$ cat my_file-v6.txt   # compact mmCIF, C-alpha atoms
# COMPACT_ATOMS: atom_id res chain seq x y z
CA MET A 200 244.62 165.82 115.84
CA ASN A 201 247.46 167.24 113.72
CA SER A 202 246.08 169.50 111.04
CA ASP A 203 249.31 169.20 109.06
CA ILE A 204 248.69 165.58 108.15
CA GLU A 205 247.95 165.54 104.42
CA CYS A 206 247.14 162.73 102.05
CA GLY A 207 247.61 162.45 98.33
CA PRO A 208 249.59 164.41 95.74
CA GLY A 209 246.89 167.09 95.52
CA HIS A 210 247.37 168.09 99.15
CA ALA A 211 251.17 168.09 98.77
CA GLY A 212 250.92 170.34 95.72
CA ARG A 213 248.63 172.82 97.46
CA ARG A 214 250.91 172.83 100.51
CA ALA A 215 253.96 173.62 98.35
CA VAL A 216 252.12 176.50 96.67
CA ALA A 217 251.01 177.85 100.07
CA ASP A 218 254.56 177.65 101.43
CA ALA A 219 255.95 179.44 98.38
CA ALA A 220 253.35 182.19 98.70
CA MET A 221 254.10 182.53 102.42
CA ILE A 222 257.85 182.86 101.86
CA ALA A 223 257.31 185.32 99.02
CA GLY A 224 255.00 187.50 101.15
CA VAL A 225 257.39 187.56 104.10
CA GLY A 226 260.32 188.25 101.78
CA LEU A 227 258.49 191.27 100.34
CA LEU A 228 257.80 192.63 103.84
CA VAL A 229 261.44 192.08 104.83
CA ALA A 230 262.64 193.89 101.72
CA VAL A 231 260.35 196.87 102.43
CA THR A 232 261.53 197.00 106.07
CA VAL A 233 265.22 196.88 105.13
CA TRP A 234 264.77 199.54 102.43
CA ALA A 235 262.90 201.86 104.80
CA ARG A 236 265.59 201.52 107.47
CA TYR A 237 268.35 202.04 104.91
CA ALA A 238 266.61 205.12 103.48
CA THR A 239 266.32 206.72 106.92
CA GLY A 240 269.82 205.73 107.96
CA ARG A 241 268.68 203.72 110.98
CA GLY A 242 270.55 200.60 112.03
CA PRO A 243 273.42 198.77 110.35
CA LEU A 244 272.39 197.47 106.92
CA TRP A 245 274.34 194.23 107.22
CA LEU A 246 272.50 193.31 110.44
CA ASP A 247 269.08 193.95 108.90
CA LEU A 248 269.94 191.90 105.84
CA ALA A 249 271.31 189.03 107.94
CA ALA A 250 268.34 188.99 110.36
CA GLY A 251 265.79 189.20 107.53
CA ALA A 252 267.45 186.42 105.52
CA ALA A 253 267.77 184.18 108.58
CA GLY A 254 264.10 184.73 109.46
CA ILE A 255 263.05 183.76 105.92
CA ALA A 256 265.31 180.68 106.04
CA LEU A 257 263.58 179.50 109.22
CA LEU A 258 260.06 179.72 107.73
CA PRO A 259 259.96 176.15 106.26
CA ALA A 260 260.50 174.81 109.79
CA LEU A 261 257.08 176.15 110.78
CA ARG A 262 255.41 173.26 108.92
CA ARG A 263 257.00 170.49 111.01
CA TRP A 264 258.17 172.31 114.16
CA PRO A 265 255.86 175.31 114.68
CA VAL A 266 257.14 176.29 118.14
CA ALA A 267 260.85 176.04 117.34
CA GLY A 268 260.27 177.65 113.95
CA ALA A 269 258.54 180.61 115.64
CA LEU A 270 261.04 181.12 118.48
CA GLY A 271 263.97 181.44 116.05
CA PRO A 272 262.61 184.52 114.21
CA ALA A 273 261.40 185.91 117.56
CA ALA A 274 264.98 185.83 118.85
CA LEU A 275 266.19 187.52 115.66
CA ALA A 276 263.55 190.22 116.13
CA ALA A 277 265.49 191.36 119.21
CA LEU A 278 268.34 192.30 116.87
CA SER A 279 266.52 193.86 113.91
CA PRO A 280 262.99 194.82 112.80
CA ALA A 281 263.71 192.94 109.56
CA ALA A 282 262.91 189.69 111.41
CA THR A 283 259.52 191.00 112.63
CA PRO A 284 257.46 189.65 109.64
CA ALA A 285 258.83 186.13 110.16
CA ALA A 286 258.35 186.35 113.94
CA THR A 287 254.72 187.46 113.70
CA LEU A 288 253.94 184.78 111.10
CA GLY A 289 255.48 182.18 113.39
CA ALA A 290 253.27 183.32 116.27
CA LEU A 291 250.20 183.00 114.03
CA ARG A 292 251.14 179.49 112.90
CA VAL A 293 251.70 178.34 116.49
CA ALA A 294 248.27 179.69 117.47
CA GLU A 295 246.72 177.74 114.58
CA ARG A 296 248.39 174.42 115.41
CA ARG A 297 249.00 174.35 119.15
CA GLY A 298 247.01 175.02 122.31
CA PHE A 299 246.18 178.51 123.50
CA ARG A 300 248.74 178.40 126.34
CA THR A 301 251.56 177.54 123.94
CA ALA A 302 250.42 180.33 121.63
CA LEU A 303 250.47 182.83 124.51
CA ALA A 304 253.96 181.69 125.50
CA VAL A 305 255.28 182.21 121.96
CA ALA A 306 253.52 185.57 121.75
CA ALA A 307 255.10 186.61 125.06
CA ALA A 308 258.53 185.62 123.72
CA GLY A 309 257.89 187.74 120.63
CA ILE A 310 256.80 190.72 122.73
CA ALA A 311 259.90 190.39 124.94
CA ALA A 312 262.16 190.25 121.88
CA HIS A 313 260.59 193.40 120.44
CA ALA A 314 260.97 195.09 123.84
CA VAL A 315 264.71 194.39 123.67
CA GLN A 316 264.76 195.66 120.10
CA GLY A 317 262.98 198.89 121.11
CA LEU A 318 265.39 199.51 123.98
CA TRP A 319 268.58 199.48 121.92
CA GLN A 320 267.00 200.69 118.66
CA PRO A 321 264.29 203.10 119.81
CA PRO A 322 261.43 203.52 117.34
CA GLY A 323 261.18 206.94 115.79
CA GLY A 324 258.10 209.16 116.04
CA ILE A 325 256.41 207.25 118.88
CA ALA A 326 257.09 206.74 122.57
CA PHE A 327 258.53 203.38 123.59
CA GLY A 328 255.54 202.60 125.82
CA TRP A 329 252.97 203.18 123.07
CA TRP A 330 255.09 201.27 120.60
CA LEU A 331 255.31 198.28 122.95
CA LEU A 332 251.55 198.47 123.54
CA LEU A 333 250.94 198.27 119.77
CA ILE A 334 253.30 195.30 119.54
CA THR A 335 251.42 193.57 122.40
CA ALA A 336 248.04 194.24 120.77
CA GLY A 337 249.32 192.86 117.47
CA TYR A 338 250.57 189.63 119.04
CA GLY A 339 247.32 189.30 120.98
CA ALA A 340 245.31 189.67 117.77
CA LEU A 341 247.48 187.02 116.08
CA ALA A 342 246.96 184.60 118.98
CA GLY A 343 243.21 185.16 118.93
CA TRP A 344 242.96 184.82 115.16
CA GLY A 345 245.00 181.61 115.20
CA ALA A 346 242.85 180.17 117.98
CA LEU A 347 239.73 180.97 115.93
CA VAL A 348 241.15 179.22 112.87
CA ARG A 349 242.09 176.21 115.00
CA ALA A 350 238.58 176.02 116.47
CA GLN A 351 237.05 176.25 113.00
CA ARG A 352 239.23 173.41 111.75
CA ALA A 353 238.27 171.31 114.76
CA LEU A 354 234.60 172.01 114.06
CA VAL A 355 234.92 170.99 110.41
CA ALA A 356 236.75 167.81 111.43
CA SER A 357 234.02 167.07 113.99
CA LEU A 358 231.28 167.56 111.41
CA ARG A 359 233.06 165.27 108.97
CA GLU A 360 233.38 162.62 111.66
CA ARG A 361 229.71 162.94 112.51
CA ALA A 362 228.79 162.59 108.83
CA ARG A 363 230.98 159.49 108.56
CA ARG A 364 229.38 157.96 111.65
CA ALA A 365 225.88 158.78 110.37
CA GLU A 366 226.68 157.09 107.07
CA ALA A 367 228.05 154.05 108.87
CA GLU A 368 224.96 153.94 111.09
CA GLN A 369 222.69 154.09 108.06
CA GLY A 370 224.66 151.25 106.48
CA ARG A 371 224.28 149.24 109.67
CA ARG A 372 220.52 149.87 109.74
CA VAL A 373 220.19 148.77 106.12
CA ALA A 374 222.21 145.63 106.84
CA GLU A 375 220.02 144.86 109.85
CA ALA A 376 216.87 145.41 107.79
CA ARG A 377 218.16 143.00 105.16
CA MET A 378 219.06 140.44 107.80
CA LEU A 379 215.62 140.73 109.39
CA GLU A 380 213.98 140.36 105.99
CA ARG A 381 216.16 137.34 105.31
CA THR A 382 215.26 135.67 108.61
CA ARG A 383 211.54 136.26 108.22
CA MET A 384 211.45 134.98 104.66
CA ALA A 385 213.50 131.90 105.55
CA ARG A 386 210.95 131.13 108.28
CA GLU A 387 208.10 131.50 105.78
CA MET A 388 209.81 129.33 103.17
CA HIS A 389 210.49 126.69 105.82
CA ASP A 390 206.80 126.50 106.70
CA VAL A 391 205.70 126.33 103.07
CA LEU A 392 208.30 123.71 102.20
CA ALA A 393 207.37 121.58 105.22
CA HIS A 394 203.72 121.73 104.17
CA ARG A 395 204.61 120.74 100.61
CA LEU A 396 206.76 117.81 101.69
CA SER A 397 204.11 116.55 104.09
CA LEU A 398 201.62 116.46 101.19
CA LEU A 399 204.11 114.53 99.09
CA ALA A 400 204.59 112.03 101.93
CA THR A 401 200.83 111.54 102.18
CA TYR A 402 200.36 110.84 98.48
CA ALA A 403 203.47 108.65 98.34
CA GLY A 404 202.15 106.66 101.30
CA ALA A 405 198.83 106.14 99.49
CA LEU A 406 200.66 104.81 96.45
CA GLU A 407 202.68 102.45 98.63
CA TYR A 408 199.82 101.02 100.70
CA ARG A 409 197.14 100.97 97.96
CA PRO A 410 198.83 99.37 94.97
CA ASP A 411 195.50 97.81 94.00
CA ALA A 412 193.81 101.20 93.47
CA PRO A 413 192.30 101.88 90.04
CA PRO A 414 194.84 103.04 87.44
CA GLU A 415 193.08 106.39 87.11
CA ARG A 416 193.53 107.13 90.82
CA LEU A 417 197.14 105.94 90.74
CA ALA A 418 197.87 108.17 87.73
CA ARG A 419 196.21 111.17 89.40
CA ALA A 420 198.15 110.59 92.63
CA ALA A 421 201.40 110.25 90.69
CA GLY A 422 200.64 113.51 88.89
CA VAL A 423 200.06 115.25 92.20
CA VAL A 424 203.34 113.87 93.55
CA ARG A 425 205.20 115.06 90.44
CA ALA A 426 203.68 118.54 90.58
CA GLY A 427 204.27 118.74 94.32
CA ALA A 428 207.90 117.71 93.87
CA HIS A 429 208.43 120.51 91.35
CA GLN A 430 206.81 123.01 93.66
CA ALA A 431 208.88 121.75 96.61
CA LEU A 432 212.06 122.14 94.55
CA ASP A 433 211.06 125.71 93.70
CA GLU A 434 210.44 126.47 97.37
CA LEU A 435 213.73 124.81 98.34
CA ARG A 436 215.55 126.91 95.75
CA GLU A 437 214.08 130.04 97.32
CA VAL A 438 215.23 128.92 100.77
CA ILE A 439 218.76 128.32 99.47
CA ASN A 440 218.79 131.75 97.83
CA VAL A 441 217.64 133.31 101.07
CA LEU A 442 220.42 131.63 103.03
CA ARG A 443 223.00 132.47 100.37
CA ASP A 444 222.04 136.09 99.81
CA GLU A 445 221.07 138.90 102.17
CA ASP A 446 217.32 138.56 101.81
CA GLY A 447 214.17 137.60 103.78
CA ASP A 448 210.54 138.07 104.95
CA GLY A 449 207.74 136.05 106.52
CA ASP A 450 205.10 136.00 109.25
CA GLY A 451 205.96 133.00 111.39
CA GLY A 452 203.62 130.02 111.17
CA ARG A 453 200.44 131.89 110.22
CA PRO A 454 198.86 131.31 106.78
CA GLN A 455 200.51 133.68 104.36
CA PRO A 456 198.53 136.08 102.14
CA VAL A 457 198.59 135.71 98.36
CA LEU A 458 197.33 137.64 95.35
CA ALA A 459 193.72 136.72 96.07
CA ASP A 460 193.99 138.46 99.47
CA ILE A 461 194.77 141.87 97.97
CA PRO A 462 191.05 142.82 97.72
CA ARG A 463 190.73 142.14 101.45
CA LEU A 464 193.79 144.37 102.04
CA ILE A 465 192.17 147.11 99.96
CA ASP A 466 188.91 146.77 101.92
CA GLU A 467 190.80 147.06 105.21
CA THR A 468 192.45 150.24 103.98
CA ARG A 469 189.11 151.66 102.92
CA ASP A 470 187.52 150.74 106.23
CA ALA A 471 190.31 152.72 107.92
CA GLY A 472 189.33 155.77 105.91
CA GLY A 473 191.73 155.42 103.00
CA ARG A 474 190.72 156.29 99.45
CA VAL A 475 191.90 153.53 97.12
CA GLU A 476 191.12 153.17 93.43
CA VAL A 477 191.84 149.73 91.97
CA ARG A 478 192.19 148.62 88.37
CA ASP A 479 192.48 144.83 88.33
CA ALA A 480 193.39 143.42 84.91
CA VAL A 481 194.87 140.12 86.13
CA VAL A 482 193.94 137.07 84.08
CA GLU A 483 193.64 133.81 86.03
CA PRO A 484 194.91 135.13 89.37
CA ALA A 485 194.66 131.66 90.92
CA ALA A 486 197.38 130.43 88.55
CA LEU A 487 200.00 132.74 90.06
CA PRO A 488 202.51 130.76 92.20
CA ALA A 489 202.03 131.21 95.92
CA ALA A 490 205.50 132.70 96.49
CA ALA A 491 204.95 135.34 93.82
CA GLY A 492 201.48 136.03 95.21
CA ARG A 493 202.90 136.65 98.68
CA THR A 494 205.48 139.02 97.24
CA ALA A 495 202.80 140.88 95.29
CA TYR A 496 200.74 141.18 98.45
CA ARG A 497 203.73 142.62 100.34
CA VAL A 498 204.37 145.15 97.58
CA VAL A 499 200.81 146.48 97.72
CA GLN A 500 200.82 146.38 101.52
CA GLU A 501 204.03 148.43 101.75
CA ALA A 502 202.77 150.93 99.19
CA LEU A 503 199.51 151.49 101.09
CA THR A 504 201.42 151.78 104.37
CA ASN A 505 203.70 154.45 102.93
CA ALA A 506 200.71 156.31 101.53
CA ARG A 507 199.03 156.34 104.95
CA LYS A 508 202.24 157.62 106.56
CA HIS A 509 203.20 160.33 104.11
CA ALA A 510 200.00 161.23 102.25
CA ALA A 511 197.11 160.48 104.60
CA GLY A 512 193.74 161.31 103.10
CA ARG A 513 195.05 161.43 99.54
CA PRO A 514 193.70 158.97 96.93
CA VAL A 515 195.84 155.97 96.04
CA ARG A 516 195.67 154.32 92.62
CA VAL A 517 196.52 150.61 92.46
CA THR A 518 196.94 148.89 89.11
CA LEU A 519 197.34 145.11 88.76
CA GLU A 520 197.77 143.42 85.42
CA GLY A 521 199.32 140.24 84.11
CA ARG A 522 198.69 136.74 82.88
CA PRO A 523 200.39 133.32 82.94
CA GLY A 524 203.40 133.12 80.68
CA GLU A 525 204.12 136.85 80.94
CA ARG A 526 204.55 138.81 84.14
CA LEU A 527 202.57 140.37 86.97
CA VAL A 528 202.85 144.17 87.00
CA ILE A 529 202.00 146.24 90.09
CA ASP A 530 201.80 150.02 89.95
CA VAL A 531 200.81 152.13 92.97
CA ARG A 532 200.66 155.93 92.87
CA ASN A 533 199.61 158.60 95.31
CA PRO A 534 199.90 162.39 95.28
CA LEU A 535 202.28 163.97 97.76
CA ARG A 536 201.30 166.48 100.38
CA GLU A 537 202.33 170.05 99.82
CA GLY A 538 205.35 171.13 101.86
CA THR A 539 207.19 168.69 104.14
CA PRO A 540 204.73 167.69 106.88
CA GLU A 541 205.55 165.16 109.50
CA PRO A 542 204.45 161.61 108.59
CA ALA A 543 201.43 160.20 110.30
CA ALA A 544 203.58 157.42 111.76
CA PRO A 545 207.33 157.28 112.26
CA GLY A 546 209.35 155.06 109.98
CA SER A 547 212.96 153.95 109.72
CA GLY A 548 213.12 154.18 105.93
CA THR A 549 214.19 150.52 105.64
CA GLY A 550 210.83 149.04 104.55
CA LEU A 551 211.51 149.61 100.87
CA VAL A 552 215.02 148.20 101.29
CA GLY A 553 213.73 144.83 102.44
CA LEU A 554 210.90 144.89 99.88
CA THR A 555 213.35 145.52 97.07
CA GLU A 556 215.45 142.60 98.22
CA ARG A 557 212.39 140.35 98.38
CA VAL A 558 211.20 141.25 94.87
CA HIS A 559 214.73 140.72 93.58
CA LEU A 560 214.80 137.29 95.22
CA ALA A 561 211.56 136.41 93.45
CA GLY A 562 213.21 137.20 90.11
CA GLY A 563 211.49 140.56 89.61
CA ARG A 564 212.27 144.22 90.00
CA LEU A 565 210.97 147.07 92.15
CA ASP A 566 211.39 150.80 91.53
CA HIS A 567 210.15 153.81 93.45
CA GLU A 568 210.50 157.49 92.64
CA MET A 569 209.11 160.91 93.47
CA THR A 570 207.94 162.93 90.50
CA VAL A 571 206.35 166.35 90.56
CA GLY A 572 203.69 166.05 93.25
CA GLU A 573 203.45 162.25 93.07
CA PHE A 574 205.07 159.16 94.56
CA ARG A 575 205.16 156.04 92.42
CA LEU A 576 206.02 152.46 93.35
CA SER A 577 206.13 149.91 90.54
CA ALA A 578 207.17 146.27 90.47
CA TRP A 579 207.00 143.31 88.19
CA LEU A 580 207.22 139.60 89.00
CA PRO A 581 207.74 136.67 86.64
CA TRP A 582 204.66 134.53 86.00
CA PRO A 583 205.52 131.16 84.48
CA ALA A 584 202.96 129.51 82.25

$ encode --input "my_file-v6.txt" --output "structure tokens"
Amino acid sequence: MNSDIECGPGHAGRRAVADAAMIAGVGLLVAVTVWARYATGRGPLWLDLAAGAAGIALLPALRRWPVAGALGPAALAALSPAATPAATLGALRVAERRGFRTALAVAAAGIAAHAVQGLWQPPGGIAFGWWLLLITAGYGALAGWGALVRAQRALVASLRERARRAEAEQGRRVAEARMLERTRMAREMHDVLAHRLSLLATYAGALEYRPDAPPERLARAAGVVRAGAHQALDELREVINVLRDEDGDGDGGRPQPVLADIPRLIDETRDAGGRVEVRDAVVEPAALPAAAGRTAYRVVQEALTNARKHAAGRPVRVTLEGRPGERLVIDVRNPLREGTPEPAAPGSGTGLVGLTERVHLAGGRLDHEMTVGEFRLSAWLPWPA
């Protein structure tokens, strides 16, 4: 992975500022070195100025060609100490962008160049051996520091990649949950629709083979056929929506629970040791359409399941209210446990995803939120008159 690959004008702007600061810093060090050598009368001034200027001119090459851009100032360092700032910076950049062996090779070239420099321009005030040892230690520190920076960049890139993969995995799990919900609900709608159409066929057959039946019976049978046809169209519309959208639920060919089965669900939860408080303000519960009743049952079922997982032993408050011509409102609340204990049973976190899709398919809405010390799940479903 090349760490120099940038994207967008923001990165280009920051890179230009960094390059300008780098050149300015090296230029200041070169100026100080040349002035110090000129003040002490050591070395030809023209050579120091030429080597320092050439080293600065080679700095932009470090961005695209780190190794070549570092070897040029290293060669100049053999002629004058004025090229030392550019040579050491080049060794650092190579250590940041290339492997450790390449960094050691560039550092060795820099040390060799300074050894040549020290032989024909001996350093003052320190023995050549100690001076060369300091140069070697400096290049070693630069190689180590660059390797550390390179490893840190690789770690950050690895963490970003892991975060991206985790996000993609979560998206895949959500998509699979929606697909599973869609498949299960399509199976349920198929069973209900087949049952409805078989009833229509029975009544239509009676009208065909018993034309001499009393008018009252014929009218009642025709009314049943008309009502059944409307219900079958509603069920067929749900099936089409399931196949068109990313939705679904169902329980195979078994009889499906409805709103009237919620008390049994509450009793089962209580028998298992759960504490459930119910406020039932539903008017004419039998008038609720079967599809909406199944969805309401699933909402309460999921809420109680979540309460058992994440707040076992805590009381759960279930509120049901609604009437024909308005809407059915479901509100389930339970206090949260203190701290962050492990749930009583593991979960994938996709149950509410599928439930939300199912309620949306039924024309309603589902919300869930955590307030201070409490989890709340609320939903509403349309209830035609």

$ atom_distance --input "my_file-v6.txt" --atom1 "CA of Ser357 (chain A)" --atom2 "CA of Gly343 (chain A)"
20.9 Å

$ atom_distance --input "my_file-v6.txt" --atom1 "CA of Arg536 (chain A)" --atom2 "CA of Arg557 (chain A)"
28.5 Å

$ residues_around --input "my_file-v6.txt" --residues "Gly521 (chain A)" --least-positions-apart "3" --cutoff "7 Å" --atoms "all atoms listed in the file" --output "PyMOL selection string"
chain A and resi 480-482+525-528

$ residues_around --input "my_file-v6.txt" --residues "region 253-270 of chain A" --least-positions-apart "3" --cutoff "10 Å" --atoms "all atoms listed in the file" --output "PyMOL selection string"
chain A and resi 203+214+218-219+221-223+225-226+229+247-250+273-276+281-297+301-302+304-306+308-309+312

$ closest_residue --input "my_file-v6.txt" --among "A:Ala235, A:Pro484, A:Leu228, A:Gln500" --to "Gly251 (chain A)" --atoms "all atoms listed in the file"
A:Leu228

$ closest_residue --input "my_file-v6.txt" --among "A:Ala412, A:Leu354, A:Leu278, A:Ala252" --to "Leu227 (chain A)" --atoms "only C-alpha atoms"
A:Ala252

$ atom_distance --input "my_file-v6.txt" --atom1 "CA of Pro523 (chain A)" --atom2 "CA of Pro581 (chain A)"
8.9 Å

$ residues_around --input "my_file-v6.txt" --residues "Ile334 (chain A)" --least-positions-apart "6" --cutoff "9 Å" --atoms "all atoms listed in the file" --output "PyMOL selection string"
chain A and resi 309-310+313-314

$ axis_aligned_box --input "my_file-v6.txt" --around "region 553-570 of chain A" --padding-each-side "5 Å" --output "AutoDock Vina command-line options"
--center_x 211.7 --center_y 149.7 --center_z 96.0 --size_x 17.5 --size_y 36.5 --size_z 22.8

$ closest_residue --input "my_file-v6.txt" --among "A:Leu435, A:Pro534, A:Ala584, A:Glu556" --to "Gly572 (chain A)" --atoms "only C-alpha atoms"
A:Pro534

$ residues_around --input "my_file-v6.txt" --residues "Leu519 (chain A)" --least-positions-apart "5" --cutoff "12 Å" --atoms "only C-alpha atoms" --output "number ranges by chain"
A: 458-459, 461-462, 476-482, 484, 492, 495-496, 498-499, 526-531, 577-580

$ residues_around --input "my_file-v6.txt" --residues "region 467-469 of chain A" --least-positions-apart "4" --cutoff "12 Å" --atoms "all atoms listed in the file" --output "ChimeraX atom specification"
/A:460-463,473-477,499-504,506-507,511-515

$ closest_residue --input "my_file-v6.txt" --among "A:Ala403, A:Val457, A:Leu551, A:Leu464" --to "Val424 (chain A)" --atoms "only C-alpha atoms"
A:Ala403
